[in-house]
Amino acid sequence: MSSPARRLRLPLLAATVAVVAPVLAGCTAAVPMTAADDANDPACAQVTVHLPEQVGPDSAPYQRRETDAQATGAWGSPTAVLLRCGVTAPAVSDLPCYPVAGVDWLSDQDPDDPDTYIFTTYGRTPAVQVIVTDEVGSTPLFDLADAVGYLPNDGRACVGVGDLPGGDGADGSGGSGGADATDAPTDGGASTDAPRDSPTP
C-alpha cells in the first residue's frame, strides 16, 4: 500500500505548456508519442533503459507500455502516465518545486485540461517531462526517480520562500516555494533548500 507521503499536493496553476495530453485517453498497442528535441542525448538513453516496468501505487500499479518515439515511456491501459526525456531544461521559475527521492520537479497544470498535471525536472540537463492525470497524482515520480537520476545535475535546486531574498522562513512555514539557480553543487539527495511545506496526500 502506498505511503501518503508518496503523493504531493497538486496545486491549481495557470500556465501555457505544450503537452501530449490527448494520448492520456488513448489505448493502443504502441502508444503514439512525439520525441523531445534532445531525445537523442546519451543521458536520455540511460534514462530509457532504466525505466521501471510499473509505476504508481503498490496496490494497483500501472504497467509499462510500448511507445513509438525515442526516449519516451508510457504506463497504464488506458495510458495514465507519460514520460519524455530531452525536453528543454527550465530556467528559474516561480512554479512550485518539489524534491522527490533526490530529484527536483516543477509542478504545472495543463491549461487546456485541468485534470492533467505536468512535472518537469529542475536542475537536470536535458530535462524529463512527466504527464499524469489528477487521479494518478505524483506517486509515479517516486518510481521514476532512479531512472531520472541518471541525468546530469547542473547544480540548480528547489528553494523555499524563506531562502529567497526578503523571504521570512523563520517559522518554518514558508510557501510552496519555487526554483532558483545556484552555483552550489548538490549531493543528489533531497535538497536542504526544499520548499518548507511538506508534500501531503
# chains A, B, ... in the order shown; residues from 1 in each chain; ligands from 1
call {"tool": "residues_around", "arguments": {"residues": "stretch 61-72 of chain A", "least_positions_apart": "3", "cutoff": "9 Å", "atoms": "only C-alpha atoms", "output": "MDAnalysis selection string"}}
result
chainID A and resid 29:36 39:41 44:45 47:48 51:58 75:77 79:86
call {"tool": "select_by_dssp", "arguments": {"residues": "stretch 106-139 of chain A", "states": "strand (DSSP E)", "output": "PDB file with N, CA and C atoms, in the first residue's frame"}}
result
ATOM      1  N   LEU A 106       9.416  20.592 -11.096  1.00  0.00           N
ATOM      2  CA  LEU A 106       8.491  21.716 -11.166  1.00  0.00           C
ATOM      3  C   LEU A 106       7.114  21.159 -11.483  1.00  0.00           C
ATOM      4  N   SER A 107       6.110  21.684 -10.804  1.00  0.00           N
ATOM      5  CA  SER A 107       4.740  21.205 -10.986  1.00  0.00           C
ATOM      6  C   SER A 107       3.914  22.248 -11.718  1.00  0.00           C
ATOM      7  N   ASP A 108       3.231  21.822 -12.764  1.00  0.00           N
ATOM      8  CA  ASP A 108       2.390  22.720 -13.545  1.00  0.00           C
ATOM      9  C   ASP A 108       1.103  21.996 -13.902  1.00  0.00           C
ATOM     10  N   GLN A 109       0.147  22.746 -14.416  1.00  0.00           N
ATOM     11  CA  GLN A 109      -1.138  22.174 -14.820  1.00  0.00           C
ATOM     12  C   GLN A 109      -1.377  22.498 -16.279  1.00  0.00           C
ATOM     13  N   THR A 116      -5.083  17.323 -15.870  1.00  0.00           N
ATOM     14  CA  THR A 116      -3.784  16.814 -16.290  1.00  0.00           C
ATOM     15  C   THR A 116      -2.679  17.679 -15.705  1.00  0.00           C
ATOM     16  N   TYR A 117      -1.690  17.026 -15.118  1.00  0.00           N
ATOM     17  CA  TYR A 117      -0.577  17.737 -14.491  1.00  0.00           C
ATOM     18  C   TYR A 117       0.737  17.388 -15.176  1.00  0.00           C
ATOM     19  N   ILE A 118       1.621  18.370 -15.206  1.00  0.00           N
ATOM     20  CA  ILE A 118       2.893  18.245 -15.897  1.00  0.00           C
ATOM     21  C   ILE A 118       4.018  18.467 -14.897  1.00  0.00           C
ATOM     22  N   PHE A 119       4.895  17.499 -14.757  1.00  0.00           N
ATOM     23  CA  PHE A 119       6.058  17.634 -13.888  1.00  0.00           C
ATOM     24  C   PHE A 119       7.306  17.657 -14.770  1.00  0.00           C
ATOM     25  N   THR A 120       8.174  18.631 -14.540  1.00  0.00           N
ATOM     26  CA  THR A 120       9.406  18.748 -15.314  1.00  0.00           C
ATOM     27  C   THR A 120      10.580  18.799 -14.349  1.00  0.00           C
ATOM     28  N   THR A 121      11.609  18.007 -14.627  1.00  0.00           N
ATOM     29  CA  THR A 121      12.770  18.007 -13.740  1.00  0.00           C
ATOM     30  C   THR A 121      13.413  19.388 -13.728  1.00  0.00           C
ATOM     31  N   TYR A 122      13.914  19.766 -12.560  1.00  0.00           N
ATOM     32  CA  TYR A 122      14.635  21.025 -12.410  1.00  0.00           C
ATOM     33  C   TYR A 122      16.039  20.700 -11.919  1.00  0.00           C
ATOM     34  N   ALA A 127      16.254  17.744 -19.694  1.00  0.00           N
ATOM     35  CA  ALA A 127      15.201  17.565 -18.698  1.00  0.00           C
ATOM     36  C   ALA A 127      14.228  16.464 -19.108  1.00  0.00           C
ATOM     37  N   VAL A 128      13.509  15.971 -18.113  1.00  0.00           N
ATOM     38  CA  VAL A 128      12.461  14.971 -18.320  1.00  0.00           C
ATOM     39  C   VAL A 128      11.118  15.600 -17.970  1.00  0.00           C
ATOM     40  N   GLN A 129      10.129  15.295 -18.771  1.00  0.00           N
ATOM     41  CA  GLN A 129       8.764  15.753 -18.523  1.00  0.00           C
ATOM     42  C   GLN A 129       7.878  14.540 -18.284  1.00  0.00           C
ATOM     43  N   VAL A 130       7.096  14.590 -17.210  1.00  0.00           N
ATOM     44  CA  VAL A 130       6.166  13.515 -16.890  1.00  0.00           C
ATOM     45  C   VAL A 130       4.760  14.111 -16.829  1.00  0.00           C
ATOM     46  N   ILE A 131       3.844  13.496 -17.546  1.00  0.00           N
ATOM     47  CA  ILE A 131       2.462  13.961 -17.597  1.00  0.00           C
ATOM     48  C   ILE A 131       1.564  12.907 -16.970  1.00  0.00           C
ATOM     49  N   VAL A 132       0.726  13.340 -16.030  1.00  0.00           N
ATOM     50  CA  VAL A 132      -0.157  12.408 -15.332  1.00  0.00           C
ATOM     51  C   VAL A 132      -1.554  13.002 -15.231  1.00  0.00           C
ATOM     52  N   THR A 133      -2.512  12.136 -14.981  1.00  0.00           N
ATOM     53  CA  THR A 133      -3.862  12.598 -14.701  1.00  0.00           C
ATOM     54  C   THR A 133      -3.965  12.928 -13.224  1.00  0.00           C
TER      55      THR A 133
END
call {"tool": "atom_distance", "arguments": {"atom1": "atom CA of A:Pro90", "atom2": "atom CA of A:Ala157"}}
result
11.6 Å
call {"tool": "atom_distance", "arguments": {"atom1": "atom CA of A:Val92", "atom2": "atom CA of A:His50"}}
result
28.0 Å
call {"tool": "closest_residue", "arguments": {"among": "A:Val87, A:Trp105, A:Val148, A:Cys97", "to": "A:Val49", "atoms": "only C-alpha atoms"}}
result
A:Val148
call {"tool": "residues_around", "arguments": {"residues": "A:Ala43", "least_positions_apart": "5", "cutoff": "8 Å", "atoms": "only C-alpha atoms", "output": "PDB file with C-alpha atoms, in the first residue's frame"}}
result
ATOM      1  CA  PRO A 126      18.487  17.505 -20.570  1.00  0.00           C
ATOM      2  CA  TYR A 150      20.997   9.234 -14.425  1.00  0.00           C
ATOM      3  CA  LEU A 151      20.577  12.725 -15.884  1.00  0.00           C
ATOM      4  CA  PRO A 152      23.481  15.088 -15.102  1.00  0.00           C
TER       5      PRO A 152
END
call {"tool": "atom_distance", "arguments": {"atom1": "atom CA of A:Arg156", "atom2": "atom CA of A:Ala101"}}
result
15.6 Å
call {"tool": "closest_residue", "arguments": {"among": "A:Val159, A:Ser59, A:Thr125, A:Pro78", "to": "A:Asp94", "atoms": "only C-alpha atoms"}}
result
A:Val159
call {"tool": "select_by_dssp", "arguments": {"residues": "stretch 7-157 of chain A", "states": "helix (DSSP H, G or I)", "output": "ChimeraX atom specification"}}
result
/A:21-25,42-49,139-148
